[in-house]
Amino acid sequence: MPTSQPIDITSPQFKANPFPYFARLRAEQPIYRTTLADKTPIWLVTRHAEVDTLLKDERFAKNPRATLTPEQLRKLPWIPPMFRPLERNMLDLDPPDHTRLRALVHKAFTPRLIEQMRARVQTLADELLEAAARKREMDLIRDYALPLPLTIITEILGVPTQDRDKFHRWSKAIVSISSFSMPWLVIPDIWRFSRYLRGFFKLRRASSGDDLTSALIQVEEAGDKLSEDELMAMIFILLIAGHETTVNLIGSGTLELLRHPDQLEKLRRDPALIKTAVEELLRYTAPVFMSTERYARADVTVQSVTIPRGELTFGVIGSANRDETVFENPEALDITRENNKHLAFGQGIHYCLGAPLARLEAQIAINTLLRRMPDLRLKDSPESLRWRPSLILRGLEALPVKF
Ligand code: HEM
């Protein structure tokens, strides 16, 4: 047992450097039971091989309603019926529901649509840095890493620009949930978010635009269409997953480059290394640090440890990405690393839908930053930086830099 007291794995202090804790778990108890602050028991799976398997394992379900015993269901936090539609998002569902929703969104969220965003991402990166350059310093999160993916996903979905910041406020509250009994606290944000989206769909139904929401309203697959609730859940997940993750990749990725000046110099001298560099930053920083939850459908034995039916299980992606049996010298940041088998975008049927967009955004954002700001440096010591509290994500609250 690594510690006698459960550690709060959602706290900013823990998030600052969770790696030694997980290195110990990998070595001593790779399938580990602990509790969240609200006493919910959870299982953490920490080695690469087991995380990879867990994310593809049909013995685990995403939808608790299909899995839990009546008694376990009674213990789930009560969700007001008006929020139930949001549970119809594909990340919280299993086949055949998941298969159907993913097929429908695939028809609209195409590689062509992403590639069309390339020029827009570049213009936006240039504009944001031009505005910041006048000030000689900035908070890289607030002024660059966040507005870039947030603007892009809202433009893809056709959400009015002036409502962007409102969205981020709501979604920030929602992703800060650090325990399973806390949804109470975010009810007002979810309520405002849902009300806004319903109004937005009404507008789009009345006059459709050249955007993903209009396409999703119209999309059909073999006579099948998204219901109003499914549309709501789809836009909800795309908006949140579309920016709360990439902000961390650009933010923590830049921090790690600044902490490893040799790697930063290498990339500055040869910007063509950006593809392997972003893969390495995905591995090293793991913006989605833990997978989302899975529930054991029955008692499941993994590496001779039995996870009882219905218990919450998480694959710790940030730990798998540092597994010494898979990565040579895993604690070293190497932007030329080849054959990088990181699990940053997950695995199996829930593999990240937005991976091509996230890669495009991070590659352009980081190269543009290094090109335009040759003298970029941290304003404060890395130890003084504050990390966001979150169960699933790992990212900085702010990253003050000078140039
Ligand atoms: C650096 C950025 C990103 C990272 C690290 C990331 C990571 C992940 C991971 C690990 C999963 C699987 C979670 C699980 O199985 O529990 C996932 C799923 C998903 N991601 Fe991303 N993501 C990123 C960006 C994006 C973007 C930009 C979008 C949308 C535009 C997006 C949309 C989604 C969706 C819709 C799913 C659910 C897919 C499904 O259930 O089939 N992600 N992502």
# chains A, B, ... in the order shown; residues from 1 in each chain; ligands from 1
$ residues_around --residues "range 103-108 of chain A" --least-positions-apart "4" --cutoff "10 Å" --atoms "only C-alpha atoms" --output "ChimeraX atom specification"
/A:90,98-99,112-113,211-222,224-226,231,234,353
$ atom_distance --atom1 "CA of Val51 in chain A" --atom2 "CA of Phe314 in chain A"
8.3 Å
$ atom_distance --atom1 "CA of Leu36 in chain A" --atom2 "CA of Ile9 in chain A"
7.7 Å
$ closest_residue --among "A:Gly223, A:Pro149, A:Pro330, A:Gly310" --to "ligand 1" --atoms "only C-alpha atoms and all ligand atoms"
A:Pro149
$ decode --residues "range 256-281 of chain A" --atoms "N, CA, C and O atoms" --output "mmCIF file, in the first residue's frame"
data_model
loop_
_atom_site.group_PDB
_atom_site.id
_atom_site.type_symbol
_atom_site.label_atom_id
_atom_site.label_comp_id
_atom_site.auth_asym_id
_atom_site.auth_seq_id
_atom_site.Cartn_x
_atom_site.Cartn_y
_atom_site.Cartn_z
ATOM 1 N N GLU A 256 6.482 22.394 -20.450
ATOM 2 C CA GLU A 256 7.530 21.360 -20.486
ATOM 3 C C GLU A 256 8.656 21.735 -21.447
ATOM 4 O O GLU A 256 9.820 21.469 -21.169
ATOM 5 N N LEU A 257 8.310 22.393 -22.554
ATOM 6 C CA LEU A 257 9.380 22.831 -23.468
ATOM 7 C C LEU A 257 10.258 23.876 -22.772
ATOM 8 O O LEU A 257 11.487 23.846 -22.890
ATOM 9 N N LEU A 258 9.621 24.775 -22.018
ATOM 10 C CA LEU A 258 10.412 25.799 -21.324
ATOM 11 C C LEU A 258 11.273 25.176 -20.221
ATOM 12 O O LEU A 258 12.345 25.684 -19.901
ATOM 13 N N ARG A 259 10.796 24.078 -19.657
ATOM 14 C CA ARG A 259 11.589 23.409 -18.619
ATOM 15 C C ARG A 259 12.678 22.518 -19.215
ATOM 16 O O ARG A 259 13.521 22.011 -18.490
ATOM 17 N N HIS A 260 12.608 22.292 -20.504
ATOM 18 C CA HIS A 260 13.625 21.452 -21.177
ATOM 19 C C HIS A 260 14.199 22.256 -22.343
ATOM 20 O O HIS A 260 13.874 21.994 -23.512
ATOM 21 N N PRO A 261 15.064 23.246 -22.037
ATOM 22 C CA PRO A 261 15.546 24.177 -23.071
ATOM 23 C C PRO A 261 16.234 23.483 -24.239
ATOM 24 O O PRO A 261 16.155 23.977 -25.363
ATOM 25 N N ASP A 262 16.886 22.340 -24.005
ATOM 26 C CA ASP A 262 17.552 21.651 -25.121
ATOM 27 C C ASP A 262 16.508 21.182 -26.147
ATOM 28 O O ASP A 262 16.696 21.301 -27.356
ATOM 29 N N GLN A 263 15.373 20.673 -25.646
ATOM 30 C CA GLN A 263 14.309 20.198 -26.539
ATOM 31 C C GLN A 263 13.652 21.380 -27.255
ATOM 32 O O GLN A 263 13.323 21.311 -28.430
ATOM 33 N N LEU A 264 13.468 22.459 -26.525
ATOM 34 C CA LEU A 264 12.860 23.656 -27.114
ATOM 35 C C LEU A 264 13.749 24.183 -28.260
ATOM 36 O O LEU A 264 13.268 24.507 -29.341
ATOM 37 N N GLU A 265 15.057 24.230 -28.019
ATOM 38 C CA GLU A 265 15.998 24.722 -29.032
ATOM 39 C C GLU A 265 15.980 23.830 -30.273
ATOM 40 O O GLU A 265 15.988 24.313 -31.406
ATOM 41 N N LYS A 266 15.925 22.526 -30.022
ATOM 42 C CA LYS A 266 15.889 21.561 -31.128
ATOM 43 C C LYS A 266 14.667 21.827 -32.020
ATOM 44 O O LYS A 266 14.765 21.846 -33.247
ATOM 45 N N LEU A 267 13.531 22.072 -31.393
ATOM 46 C CA LEU A 267 12.298 22.301 -32.147
ATOM 47 C C LEU A 267 12.333 23.658 -32.853
ATOM 48 O O LEU A 267 11.887 23.795 -33.991
ATOM 49 N N ARG A 268 12.890 24.632 -32.174
ATOM 50 C CA ARG A 268 12.995 25.960 -32.788
ATOM 51 C C ARG A 268 13.869 25.899 -34.053
ATOM 52 O O ARG A 268 13.550 26.485 -35.074
ATOM 53 N N ARG A 269 14.954 25.136 -33.960
ATOM 54 C CA ARG A 269 15.864 25.031 -35.114
ATOM 55 C C ARG A 269 15.251 24.221 -36.249
ATOM 56 O O ARG A 269 15.526 24.463 -37.410
ATOM 57 N N ASP A 270 14.394 23.252 -35.889
ATOM 58 C CA ASP A 270 13.813 22.383 -36.918
ATOM 59 C C ASP A 270 12.307 22.207 -36.674
ATOM 60 O O ASP A 270 11.867 21.193 -36.131
ATOM 61 N N PRO A 271 11.507 23.206 -37.116
ATOM 62 C CA PRO A 271 10.065 23.151 -36.840
ATOM 63 C C PRO A 271 9.373 21.931 -37.445
ATOM 64 O O PRO A 271 8.275 21.574 -37.017
ATOM 65 N N ALA A 272 10.049 21.262 -38.399
ATOM 66 C CA ALA A 272 9.431 20.062 -38.985
ATOM 67 C C ALA A 272 9.320 18.936 -37.950
ATOM 68 O O ALA A 272 8.598 17.962 -38.158
ATOM 69 N N LEU A 273 10.008 19.093 -36.809
ATOM 70 C CA LEU A 273 9.896 18.074 -35.754
ATOM 71 C C LEU A 273 8.587 18.171 -34.983
ATOM 72 O O LEU A 273 8.332 17.382 -34.072
ATOM 73 N N ILE A 274 7.738 19.141 -35.356
ATOM 74 C CA ILE A 274 6.553 19.414 -34.539
ATOM 75 C C ILE A 274 5.633 18.192 -34.381
ATOM 76 O O ILE A 274 5.000 18.021 -33.340
ATOM 77 N N LYS A 275 5.573 17.339 -35.405
ATOM 78 C CA LYS A 275 4.642 16.193 -35.296
ATOM 79 C C LYS A 275 5.058 15.254 -34.170
ATOM 80 O O LYS A 275 4.250 14.917 -33.305
ATOM 81 N N THR A 276 6.348 14.842 -34.189
ATOM 82 C CA THR A 276 6.776 13.941 -33.101
ATOM 83 C C THR A 276 6.815 14.695 -31.777
ATOM 84 O O THR A 276 6.584 14.112 -30.716
ATOM 85 N N ALA A 277 7.066 16.015 -31.836
ATOM 86 C CA ALA A 277 7.112 16.799 -30.588
ATOM 87 C C ALA A 277 5.740 16.795 -29.915
ATOM 88 O O ALA A 277 5.624 16.593 -28.701
ATOM 89 N N VAL A 278 4.681 16.998 -30.703
ATOM 90 C CA VAL A 278 3.334 17.026 -30.104
ATOM 91 C C VAL A 278 2.960 15.645 -29.563
ATOM 92 O O VAL A 278 2.366 15.534 -28.488
ATOM 93 N N GLU A 279 3.366 14.586 -30.264
ATOM 94 C CA GLU A 279 3.083 13.234 -29.727
ATOM 95 C C GLU A 279 3.794 13.040 -28.389
ATOM 96 O O GLU A 279 3.236 12.484 -27.448
ATOM 97 N N GLU A 280 5.033 13.552 -28.317
ATOM 98 C CA GLU A 280 5.773 13.399 -27.060
ATOM 99 C C GLU A 280 5.164 14.240 -25.937
ATOM 100 O O GLU A 280 5.092 13.815 -24.788
ATOM 101 N N LEU A 281 4.668 15.428 -26.299
ATOM 102 C CA LEU A 281 4.031 16.272 -25.274
ATOM 103 C C LEU A 281 2.709 15.642 -24.823
ATOM 104 O O LEU A 281 2.334 15.743 -23.651
#
